[in-house]
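See below for protein.cif, which holds mmCIF, C-alpha atoms.
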```
data_target
#
loop_
_atom_site.label_atom_id
_atom_site.label_comp_id
_atom_site.auth_asym_id
_atom_site.auth_seq_id
_atom_site.Cartn_x
_atom_site.Cartn_y
_atom_site.Cartn_z
CA MET T 1 26.01 -5.91 5.48
CA LYS T 2 26.45 -9.01 7.59
CA PHE T 3 23.82 -8.59 10.29
CA ASN T 4 22.30 -6.03 12.64
CA ARG T 5 23.68 -6.31 16.15
CA ASP T 6 21.25 -7.72 18.71
CA PHE T 7 18.58 -8.29 16.08
CA LYS T 8 16.91 -11.68 16.57
CA GLY T 9 13.54 -11.28 14.91
CA ARG T 10 10.57 -13.52 15.24
CA GLY T 11 10.76 -17.28 15.01
CA GLY T 12 14.51 -17.28 15.43
CA GLU T 13 14.60 -20.90 16.63
CA ALA T 14 12.32 -22.62 14.16
CA ARG T 15 11.54 -20.84 10.91
CA ASP T 16 8.21 -21.84 9.44
CA PRO T 17 8.84 -23.48 6.02
CA ARG T 18 5.59 -21.96 4.75
CA LEU T 19 7.16 -18.49 4.99
CA PRO T 20 8.98 -17.19 1.92
CA ARG T 21 12.12 -15.15 2.66
CA GLY T 22 11.40 -11.70 4.03
CA GLN T 23 7.81 -12.55 5.03
CA TYR T 24 6.29 -12.87 8.50
CA ASP T 25 3.20 -14.66 9.80
CA ILE T 26 0.48 -12.09 10.47
CA GLY T 27 -1.75 -14.58 12.30
CA SER T 28 -5.46 -13.84 12.29
CA ASP T 29 -5.23 -10.26 10.92
CA TRP T 30 -5.94 -9.46 7.33
CA PRO T 31 -4.80 -5.91 6.51
CA VAL T 32 -6.73 -3.91 3.93
CA LEU T 33 -4.43 -2.25 1.44
CA SER T 34 -5.55 -0.39 -1.66
CA ALA T 35 -4.61 2.79 -3.43
CA GLU T 36 -8.06 4.15 -4.08
CA ALA T 37 -11.42 4.75 -2.47
CA THR T 38 -13.34 1.55 -1.71
CA PRO T 39 -16.13 1.23 -4.29
CA ASN T 40 -19.71 0.41 -3.44
CA LEU T 41 -20.53 -2.30 -5.97
CA ALA T 42 -23.90 -4.02 -5.93
CA THR T 43 -23.93 -7.58 -7.21
CA SER T 44 -26.65 -6.50 -9.66
CA GLU T 45 -24.12 -4.14 -11.28
CA TRP T 46 -21.13 -6.47 -11.07
CA THR T 47 -19.98 -8.24 -14.23
CA PHE T 48 -16.94 -10.25 -15.24
CA ALA T 49 -15.69 -10.26 -18.83
CA ILE T 50 -12.99 -12.06 -20.78
CA GLY T 51 -11.89 -10.40 -24.01
CA GLY T 52 -8.86 -9.70 -26.17
CA LEU T 53 -7.25 -12.68 -27.88
CA VAL T 54 -10.08 -15.16 -27.39
CA GLY T 55 -12.32 -16.98 -29.83
CA ASN T 56 -15.45 -16.23 -27.85
CA PRO T 57 -15.54 -13.02 -25.77
CA VAL T 58 -17.82 -13.58 -22.77
CA THR T 59 -19.40 -11.40 -20.09
CA TRP T 60 -20.97 -13.01 -17.05
CA THR T 61 -23.46 -11.37 -14.72
CA TRP T 62 -23.39 -12.13 -10.99
CA ASP T 63 -26.09 -14.79 -11.31
CA GLU T 64 -24.47 -16.35 -14.34
CA ILE T 65 -21.04 -16.73 -12.78
CA GLN T 66 -22.57 -18.16 -9.59
CA ALA T 67 -24.17 -20.90 -11.69
CA LEU T 68 -20.79 -22.20 -12.92
CA GLU T 69 -19.05 -25.19 -11.35
CA PRO T 70 -17.87 -24.10 -7.89
CA ALA T 71 -14.22 -24.30 -6.92
CA SER T 72 -12.28 -23.42 -3.82
CA TYR T 73 -8.77 -22.68 -2.59
CA GLU T 74 -7.33 -23.55 0.78
CA GLY T 75 -3.80 -22.49 1.54
CA ASP T 76 -1.57 -19.49 2.15
CA ILE T 77 -1.38 -15.94 0.77
CA HIS T 78 1.60 -13.58 0.68
CA CYS T 79 1.52 -9.76 0.51
CA VAL T 80 4.50 -7.81 -0.82
CA THR T 81 4.30 -5.59 2.27
CA THR T 82 5.83 -8.68 3.98
CA TRP T 83 2.93 -10.35 5.75
CA SER T 84 1.81 -13.87 4.94
CA LYS T 85 -1.42 -15.47 6.06
CA PHE T 86 -1.68 -19.22 6.46
CA GLY T 87 -4.57 -21.60 5.89
CA VAL T 88 -7.17 -19.31 4.39
CA SER T 89 -10.10 -20.55 2.32
CA PHE T 90 -11.82 -18.91 -0.62
CA GLY T 91 -14.77 -20.07 -2.71
CA GLY T 92 -15.75 -19.12 -6.24
CA VAL T 93 -14.96 -20.43 -9.68
CA SER T 94 -11.73 -21.58 -11.31
CA VAL T 95 -10.30 -19.28 -13.98
CA ASP T 96 -9.87 -22.48 -16.04
CA THR T 97 -13.67 -22.83 -16.17
CA LEU T 98 -14.02 -19.23 -17.37
CA LEU T 99 -11.24 -19.52 -19.96
CA ALA T 100 -12.77 -22.74 -21.31
CA CYS T 101 -15.84 -20.69 -22.26
CA ALA T 102 -13.81 -17.85 -23.77
CA VAL T 103 -11.36 -20.08 -25.72
CA PRO T 104 -7.96 -18.33 -25.68
CA LEU T 105 -6.30 -18.01 -29.09
CA PRO T 106 -2.92 -19.74 -29.52
CA SER T 107 -1.23 -16.33 -29.75
CA ALA T 108 -2.38 -15.31 -26.22
CA SER T 109 0.58 -15.29 -23.83
CA HIS T 110 -0.33 -12.76 -21.11
CA VAL T 111 -3.35 -11.17 -19.49
CA VAL T 112 -4.22 -7.84 -17.97
CA ALA T 113 -6.65 -8.34 -15.09
CA TYR T 114 -8.67 -5.20 -14.35
CA SER T 115 -11.09 -4.02 -11.71
CA HIS T 116 -14.33 -2.07 -11.69
CA THR T 117 -12.31 0.85 -10.29
CA GLY T 118 -9.67 0.99 -13.03
CA TYR T 119 -6.90 -0.93 -11.23
CA THR T 120 -4.89 -3.25 -13.47
CA THR T 121 -2.25 -5.94 -13.10
CA ASN T 122 -0.41 -8.10 -15.61
CA LEU T 123 0.13 -11.84 -15.49
CA PRO T 124 1.57 -14.50 -17.80
CA LEU T 125 -1.34 -16.64 -19.00
CA GLY T 126 0.45 -19.68 -17.55
CA ASP T 127 0.11 -18.18 -14.05
CA ILE T 128 -3.69 -18.24 -14.12
CA THR T 129 -4.29 -21.62 -15.80
CA ASP T 130 -4.14 -25.25 -14.61
CA GLY T 131 -5.73 -24.68 -11.22
CA LYS T 132 -3.63 -21.67 -10.19
CA ALA T 133 -6.26 -18.90 -10.19
CA TRP T 134 -9.87 -18.27 -9.21
CA VAL T 135 -12.54 -15.59 -9.20
CA VAL T 136 -13.78 -15.74 -5.60
CA TRP T 137 -16.71 -14.28 -3.68
CA GLU T 138 -16.45 -16.26 -0.44
CA TYR T 139 -13.86 -16.03 2.31
CA GLU T 140 -14.03 -18.65 5.07
CA ARG T 141 -17.47 -19.63 3.70
CA ARG T 142 -18.86 -16.10 4.11
CA PRO T 143 -19.43 -13.40 1.47
CA LEU T 144 -16.19 -11.57 0.69
CA GLU T 145 -16.16 -8.16 2.38
CA VAL T 146 -15.96 -5.07 0.19
CA GLY T 147 -12.68 -3.97 1.78
CA HIS T 148 -11.13 -7.23 0.66
CA GLY T 149 -12.49 -6.91 -2.88
CA GLY T 150 -16.10 -7.98 -2.56
CA PRO T 151 -18.38 -8.79 -4.16
CA ALA T 152 -15.67 -10.72 -6.05
CA ARG T 153 -11.92 -10.61 -6.56
CA LEU T 154 -9.30 -12.47 -8.51
CA LEU T 155 -7.24 -14.95 -6.48
CA VAL T 156 -3.75 -15.91 -7.64
CA PRO T 157 -2.30 -17.16 -4.36
CA HIS T 158 1.07 -18.37 -5.64
CA LEU T 159 2.00 -14.76 -6.50
CA TYR T 160 2.17 -11.67 -4.27
CA PHE T 161 -1.34 -10.57 -3.43
CA TRP T 162 -1.41 -7.33 -5.45
CA LYS T 163 -1.89 -9.66 -8.45
CA SER T 164 -5.20 -10.83 -6.90
CA VAL T 165 -7.25 -7.90 -8.22
CA LYS T 166 -10.00 -6.67 -5.89
CA TRP T 167 -13.44 -5.80 -7.34
CA VAL T 168 -12.34 -7.71 -10.42
CA ALA T 169 -14.11 -6.86 -13.67
CA GLY T 170 -12.33 -9.01 -16.22
CA LEU T 171 -9.32 -10.34 -18.08
CA ARG T 172 -7.90 -9.07 -21.35
CA LEU T 173 -5.75 -11.62 -23.18
CA LEU T 174 -2.72 -10.26 -25.02
CA ASP T 175 0.23 -11.56 -27.04
CA HIS T 176 2.66 -9.48 -24.96
CA ASP T 177 3.23 -8.37 -21.37
CA GLU T 178 1.64 -5.03 -20.47
CA PRO T 179 2.59 -3.76 -16.99
CA GLY T 180 -0.32 -2.79 -14.74
CA PHE T 181 -0.87 -0.23 -11.98
CA TRP T 182 1.80 -1.26 -9.48
CA GLU T 183 4.09 -2.67 -12.13
CA VAL T 184 4.53 0.70 -13.89
CA ASN T 185 5.14 2.10 -10.41
CA GLY T 186 8.18 -0.07 -9.78
CA TYR T 187 6.75 -3.43 -8.73
CA HIS T 188 7.74 -6.71 -10.37
CA ASP T 189 5.99 -7.96 -13.51
CA ARG T 190 5.57 -11.50 -12.15
CA GLY T 191 5.78 -11.25 -8.33
CA ASP T 192 6.71 -14.77 -7.19
CA PRO T 193 7.14 -14.63 -3.38
CA TRP T 194 9.39 -17.71 -3.40
CA LEU T 195 11.80 -15.87 -5.71
CA GLU T 196 11.24 -12.63 -3.73
CA GLN T 197 10.26 -10.78 -6.92
CA ARG T 198 9.06 -7.62 -5.18
CA TYR T 199 10.32 -4.83 -7.43
CA GLN T 200 11.33 -4.34 -11.06
CA GLY T 201 14.79 -5.82 -11.50
CA ASP T 202 14.47 -8.47 -8.75
CA MET X 1 9.90 2.28 -15.81
CA PRO X 2 11.01 3.39 -12.33
CA LYS X 3 13.18 0.84 -10.62
CA PRO X 4 13.99 1.21 -6.96
CA GLY X 5 17.71 1.22 -6.33
CA ARG X 6 19.51 -1.86 -5.10
CA TRP X 7 19.89 -2.66 -1.43
CA GLN X 8 22.39 -0.25 0.05
CA VAL X 9 23.85 0.49 3.44
CA ALA X 10 22.78 3.75 5.07
CA THR X 11 24.32 5.26 8.18
CA VAL X 12 22.10 6.67 10.90
CA LYS X 13 23.12 10.32 11.37
CA GLN X 14 20.51 11.49 13.84
CA VAL X 15 17.59 10.18 15.85
CA THR X 16 14.88 12.66 16.90
CA THR X 17 11.94 11.99 19.16
CA GLU X 18 8.66 13.18 17.61
CA THR X 19 6.18 11.80 20.14
CA LYS X 20 6.14 9.13 22.84
CA ARG X 21 5.77 6.50 20.12
CA ALA X 22 7.47 8.04 17.09
CA LYS X 23 11.07 8.77 16.19
CA THR X 24 12.61 10.29 13.10
CA PHE X 25 15.79 8.71 11.75
CA ARG X 26 18.05 10.75 9.49
CA LEU X 27 19.92 8.34 7.24
CA ALA X 28 22.96 9.08 5.09
CA LEU X 29 22.65 6.97 1.94
CA SER X 30 25.77 5.42 0.45
CA GLU X 31 24.27 5.66 -3.04
CA ALA X 32 22.43 8.86 -3.87
CA SER X 33 18.97 8.37 -5.32
CA ARG X 34 16.61 11.30 -5.31
CA HIS X 35 13.09 10.52 -4.18
CA LEU X 36 9.74 12.10 -4.95
CA ALA X 37 7.59 13.49 -2.15
CA GLY X 38 5.35 10.61 -1.01
CA GLN X 39 7.69 7.71 -1.81
CA HIS X 40 8.96 5.18 0.70
CA TYR X 41 12.02 3.13 1.50
CA VAL X 42 12.25 -0.43 2.75
CA VAL X 43 14.41 -1.10 5.81
CA ARG X 44 15.75 -4.65 6.12
CA LEU X 45 17.15 -6.11 9.31
CA THR X 46 19.24 -9.27 9.26
CA ALA X 47 19.81 -11.55 12.25
CA GLU X 48 23.03 -13.45 12.81
CA ASP X 49 21.35 -16.66 11.59
CA GLY X 50 20.40 -15.05 8.28
CA TYR X 51 16.76 -14.35 9.16
CA THR X 52 15.55 -11.08 7.67
CA ALA X 53 12.63 -8.77 8.33
CA SER X 54 11.79 -5.75 6.22
CA ARG X 55 9.21 -2.98 6.48
CA SER X 56 8.37 0.05 4.39
CA TYR X 57 8.64 3.57 5.80
CA SER X 58 7.58 6.77 4.09
CA VAL X 59 10.19 9.45 3.61
CA ALA X 60 9.36 12.60 5.59
CA SER X 61 12.08 14.79 4.15
CA PRO X 62 11.56 16.61 0.85
CA PRO X 63 13.65 15.83 -2.20
CA ASP X 64 16.78 17.94 -1.86
CA GLU X 65 20.45 18.13 -2.76
CA SER X 66 21.63 16.12 0.22
CA GLN X 67 22.29 12.40 0.13
CA ASP X 68 20.19 12.02 3.30
CA ILE X 69 16.62 10.92 3.88
CA GLU X 70 14.49 11.09 7.00
CA ILE X 71 11.98 8.41 7.89
CA THR X 72 9.58 8.67 10.82
CA VAL X 73 8.78 5.37 12.48
CA GLU X 74 5.94 4.64 14.89
CA ARG X 75 6.85 2.07 17.52
CA LEU X 76 4.30 -0.73 17.41
CA GLU X 77 3.84 -3.23 20.22
CA ASP X 78 5.66 -6.39 19.17
CA GLY X 79 6.89 -4.47 16.14
CA GLU X 80 9.67 -6.64 14.91
CA VAL X 81 11.38 -3.84 12.98
CA SER X 82 9.95 -0.69 14.58
CA ALA X 83 10.81 -1.82 18.11
CA TYR X 84 14.38 -2.58 17.04
CA LEU X 85 14.72 0.84 15.41
CA HIS X 86 13.35 2.56 18.53
CA ASP X 87 15.07 0.55 21.22
CA VAL X 88 18.42 -0.37 19.71
CA VAL X 89 19.43 1.92 16.87
CA VAL X 90 21.65 4.91 17.66
CA PRO X 91 23.55 7.38 15.48
CA GLY X 92 26.45 5.70 13.74
CA ASP X 93 24.62 2.42 13.22
CA GLU X 94 24.23 1.05 9.75
CA LEU X 95 20.94 -0.06 8.24
CA GLU X 96 20.21 -1.82 4.97
CA VAL X 97 17.69 0.15 2.90
CA ARG X 98 16.19 0.10 -0.54
CA GLY X 99 14.29 2.72 -2.46
CA PRO X 100 12.80 5.06 -3.33
CA ILE X 101 9.65 3.09 -4.10
CA GLY X 102 6.22 4.10 -5.35
CA GLY X 103 4.99 6.14 -8.29
CA TRP X 104 1.33 6.64 -7.40
CA PHE X 105 1.17 8.32 -4.02
CA VAL X 106 3.59 11.05 -5.08
CA TRP X 107 3.34 14.78 -5.55
CA HIS X 108 5.59 16.44 -8.10
CA GLY X 109 5.22 19.90 -6.60
CA ASP X 110 3.38 21.69 -9.36
CA THR X 111 -0.33 20.83 -8.99
CA PRO X 112 -2.96 21.75 -6.36
CA ALA X 113 -2.98 19.13 -3.60
CA LEU X 114 -5.14 18.50 -0.56
CA LEU X 115 -3.20 16.42 1.97
CA ILE X 116 -5.22 14.63 4.65
CA GLY X 117 -3.35 12.53 7.18
CA GLY X 118 -4.46 10.54 10.20
CA GLY X 119 -1.89 9.92 12.94
CA SER X 120 1.32 8.53 11.46
CA GLY X 121 -0.26 8.98 8.02
CA ILE X 122 1.12 12.48 8.02
CA VAL X 123 4.65 11.27 7.22
CA PRO X 124 4.54 11.16 3.39
CA LEU X 125 2.36 14.29 3.40
CA MET X 126 5.06 16.09 5.38
CA ALA X 127 7.50 15.47 2.53
CA MET X 128 4.96 17.13 0.23
CA LEU X 129 4.37 20.11 2.56
CA ARG X 130 8.11 20.58 3.00
CA LEU X 131 8.61 20.46 -0.77
CA ALA X 132 5.90 23.09 -1.25
CA ARG X 133 7.40 25.38 1.38
CA ARG X 134 10.97 24.97 0.09
CA SER X 135 9.96 25.79 -3.46
CA GLY X 136 7.78 28.74 -2.48
CA ARG X 137 4.60 27.00 -3.64
CA SER X 138 2.71 26.73 -0.35
CA ASP X 139 -0.24 28.19 -2.22
CA LEU X 140 -0.69 24.82 -3.96
CA VAL X 141 -1.20 22.72 -0.84
CA ARG X 142 -3.62 22.44 2.05
CA LEU X 143 -2.79 19.96 4.78
CA VAL X 144 -5.25 18.60 7.33
CA ALA X 145 -3.70 16.52 10.11
CA SER X 146 -5.99 14.48 12.32
CA VAL X 147 -4.66 13.26 15.66
CA ARG X 148 -6.22 12.06 18.88
CA ARG X 149 -4.35 14.26 21.31
CA PRO X 150 -1.83 17.10 21.22
CA GLY X 151 0.95 14.73 22.27
CA ASP X 152 0.34 12.58 19.20
CA LEU X 153 1.14 15.27 16.65
CA TYR X 154 4.31 14.72 14.62
CA TYR X 155 6.41 17.72 13.52
CA ALA X 156 4.43 19.85 15.96
CA LYS X 157 6.76 22.88 15.84
CA GLU X 158 7.19 22.90 12.10
CA LEU X 159 3.64 22.12 11.03
CA PRO X 160 1.69 25.32 11.84
CA GLY X 161 1.14 27.71 8.95
CA PRO X 162 -1.59 29.30 6.89
CA GLU X 163 -1.85 26.16 4.73
CA THR X 164 -2.24 23.64 7.58
CA THR X 165 -5.05 22.67 9.94
CA VAL X 166 -4.82 20.31 12.89
CA VAL X 167 -7.91 18.41 13.95
CA TYR X 168 -7.99 16.81 17.42
CA THR X 169 -10.42 13.94 17.78
CA ARG X 170 -10.25 13.05 21.51
CA GLU X 171 -8.57 15.89 23.36
CA ALA X 172 -7.68 19.39 22.12
CA PRO X 173 -5.15 21.86 23.54
CA PRO X 174 -6.59 24.45 25.98
CA SER X 175 -8.53 27.21 24.23
CA TRP X 176 -8.48 25.41 20.90
CA GLY X 177 -11.39 26.74 18.84
CA ARG X 178 -12.71 23.39 17.71
CA PRO X 179 -14.03 20.90 20.27
CA PRO X 180 -12.49 17.45 19.95
CA ARG X 181 -14.45 15.26 17.59
CA ARG X 182 -13.95 13.10 14.55
CA LEU X 183 -12.93 14.72 11.27
CA GLY X 184 -16.12 15.89 9.54
CA GLU X 185 -17.37 17.45 6.34
CA GLU X 186 -17.06 20.92 7.87
CA ASP X 187 -13.32 20.38 8.37
CA LEU X 188 -12.78 19.67 4.70
CA ARG X 189 -15.32 21.81 2.86
CA HIS X 190 -13.15 24.94 2.83
CA THR X 191 -10.11 23.02 1.61
CA LEU X 192 -11.67 21.91 -1.66
CA ALA X 193 -10.79 23.76 -4.84
CA PRO X 194 -11.29 22.96 -8.51
CA GLY X 195 -8.58 20.76 -10.01
CA VAL X 196 -7.21 19.62 -6.68
CA THR X 197 -5.98 16.07 -6.08
CA ALA X 198 -6.56 14.62 -2.62
CA TYR X 199 -3.84 12.54 -0.96
CA VAL X 200 -5.28 10.56 1.94
CA CYS X 201 -2.98 8.64 4.25
CA GLY X 202 -3.64 6.81 7.48
CA SER X 203 -5.12 3.61 8.80
CA SER X 204 -7.61 1.77 6.63
CA GLY X 205 -10.48 2.98 8.82
CA PHE X 206 -9.29 6.58 8.55
CA ALA X 207 -8.89 6.29 4.78
CA ASP X 208 -12.42 4.92 4.38
CA HIS X 209 -13.82 7.64 6.64
CA VAL X 210 -12.11 10.42 4.68
CA THR X 211 -12.96 9.08 1.24
CA GLY X 212 -16.57 8.80 2.48
CA LEU X 213 -16.52 12.48 3.53
CA LEU X 214 -15.05 13.49 0.20
CA ALA X 215 -17.82 11.57 -1.56
CA LEU X 216 -20.43 13.46 0.50
CA LEU X 217 -18.77 16.69 -0.62
CA GLU X 218 -19.06 15.44 -4.21
CA PHE X 219 -15.31 15.29 -4.61
CA PRO X 220 -14.54 13.04 -7.62
CA ASP X 221 -13.23 9.56 -6.77
CA GLU X 222 -10.70 9.62 -9.58
CA ARG X 223 -8.92 12.57 -7.96
CA ILE X 224 -8.32 10.70 -4.70
CA ARG X 225 -5.08 8.86 -3.99
CA VAL X 226 -4.98 6.70 -0.90
CA GLU X 227 -2.12 5.21 1.06
CA ARG X 228 -3.30 2.85 3.77
CA PHE X 229 -0.91 2.12 6.58
CA GLY X 230 -1.47 -1.49 7.45
CA PRO X 231 -0.29 -2.92 10.74
CA THR X 232 3.17 -3.46 9.29
CA SER X 233 5.45 -3.63 12.23
#
```

For the file at hand, write its structure as structure tokens.
Amino acid sequence: MKFNRDFKGRGGEARDPRLPRGQYDIGSDWPVLSAEATPNLATSEWTFAIGGLVGNPVTWTWDEIQALEPASYEGDIHCVTTWSKFGVSFGGVSVDTLLACAVPLPSASHVVAYSHTGYTTNLPLGDITDGKAWVVWEYERRPLEVGHGGPARLLVPHLYFWKSVKWVAGLRLLDHDEPGFWEVNGYHDRGDPWLEQRYQGD
Amino acid sequence: MPKPGRWQVATVKQVTTETKRAKTFRLALSEASRHLAGQHYVVRLTAEDGYTASRSYSVASPPDESQDIEITVERLEDGEVSAYLHDVVVPGDELEVRGPIGGWFVWHGDTPALLIGGGSGIVPLMAMLRLARRSGRSDLVRLVASVRRPGDLYYAKELPGPETTVVYTREAPPSWGRPPRRLGEEDLRHTLAPGVTAYVCGSSGFADHVTGLLALLEFPDERIRVERFGPTS
């Protein structure tokens, strides 16, 4: 297929270099997408755990994780449903800080991130280390809304946003890749928007 | 692991007007790939300069022997893809598509299912209803369609039946038994049965409202599947 007649699309003159192929700028909107009922999670019940192939399995309560060294992200996010959102800011803690407490074993190569609702996603360990991932509870300096994963979600902004688990409950470190909820349903195991890894086989 | 097919070229066979803002496109696929009721396809448009835009659209037709699928598309203001499909595309045109996609919001046709759709959220549920009717298993499904006004109802001629209920929220047809109001507990209570899985599809606000009603009716969360239609345009 060469092109669709008379189709110009948005931004035909000057394409924004921040947009990966196949994405569009959604502006100020932030759509809520999830495959389940939105849970009602009190911070007093929320916990975050790291287990599996680690030397020191840890579980943090809400107050405990808040006491860790704060970290923030400012930049862009990309959803596989083709919207991208520029210049957002999130506050929370770096996954590096959390992993430093848990001490990954040398055999750990991948993680399954899971939510308090049972949602899962898989990631190579290298995609959540060295300043690439956070557990966040603030959006634009305000508490993260429940629809967007509050009280806290995972943030892995260099991958499609389904990897950024809402209502995150923990990480399980593994020595192999174990596809999660969307991945067993046809979505890509890694999900790099700059390589347009939307579906299995891309 | 289910892999969606590769990008393929489909030919538009027929365009049908559903409502003022919705059209159904019947597409002949060049590569057959049978879908499940509830799955979607991606439509990708390419401009002469190489720019592309793609959006996902639920399949409204049931799985069948044909190599065709039907997608129903709501025309959104400034909808980059939906406006093109509505305003430009005519039978005979070719469109690049990929699918079927999705393994969660699907119904295999052999378990009790409660289908609750708001507005355009009825599209994937229609594939499920059509599958049930085709296979003689209408007894397994109940469908509740919520729309603002009579003119907003998709598949209006085909929808009525003993297994379907239409709820009007702003304006009802003359002599309609139920006054127009938001979907409530009383609209769903009689549809619940043991072992049923609920499929809820619509805007995020609609989905939250319905899952809230189901919680009030003590319907278990783990038996609810939700598809939220974002403002993908």

Since I can't run it myself right now, could you work out what the PyMOL selection byres ((chain X and resi 126-133) around 8) selects here and report it as a compact mmCIF listing (two decimals) with C-alpha atoms, in the coordinates of the input?
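expr24.txt written:
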```
# COMPACT_ATOMS: atom_id res chain seq x y z
CA ALA X 37 7.59 13.49 -2.15
CA GLY X 38 5.35 10.61 -1.01
CA VAL X 59 10.19 9.45 3.61
CA ALA X 60 9.36 12.60 5.59
CA SER X 61 12.08 14.79 4.15
CA PRO X 62 11.56 16.61 0.85
CA PRO X 63 13.65 15.83 -2.20
CA TRP X 107 3.34 14.78 -5.55
CA GLY X 109 5.22 19.90 -6.60
CA ILE X 122 1.12 12.48 8.02
CA VAL X 123 4.65 11.27 7.22
CA PRO X 124 4.54 11.16 3.39
CA LEU X 125 2.36 14.29 3.40
CA ARG X 134 10.97 24.97 0.09
CA SER X 135 9.96 25.79 -3.46
CA GLY X 136 7.78 28.74 -2.48
CA ARG X 137 4.60 27.00 -3.64
CA SER X 138 2.71 26.73 -0.35
CA LEU X 140 -0.69 24.82 -3.96
CA VAL X 141 -1.20 22.72 -0.84
CA LEU X 143 -2.79 19.96 4.78
```

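Atom CA of Val184 of chain T to atom CA of Glu45 of chain T spans 29.2 Å [interatomic distance, one decimal].
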
Would you please work out which residue, of X:Ala215, X:Ile224, X:Ala22, X:Val90, is nearest to Tyr155 of chain X when using all atoms listed in the file? X:Ala22

Specify as a PyMOL selection string all residues of chain T found within 9 Å of chain X, counting only C-alpha atoms. chain T and resi 1-12+15+21-24+29+31-38+81-83+117+181-187+199-201

How many Å lie between atom CA of Glu140 of chain T and atom CA of Arg153 of chain T, rounded to one decimal?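 Taking atom CA of Glu140 of chain T and atom CA of Arg153 of chain T, their separation equals 14.3 Å.
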
Quick one: pull the distance between atom CA of Val144 of chain X and atom CA of Ile69 of chain X, Å, one decimal.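 Distance between the two atoms: 23.4 Å.
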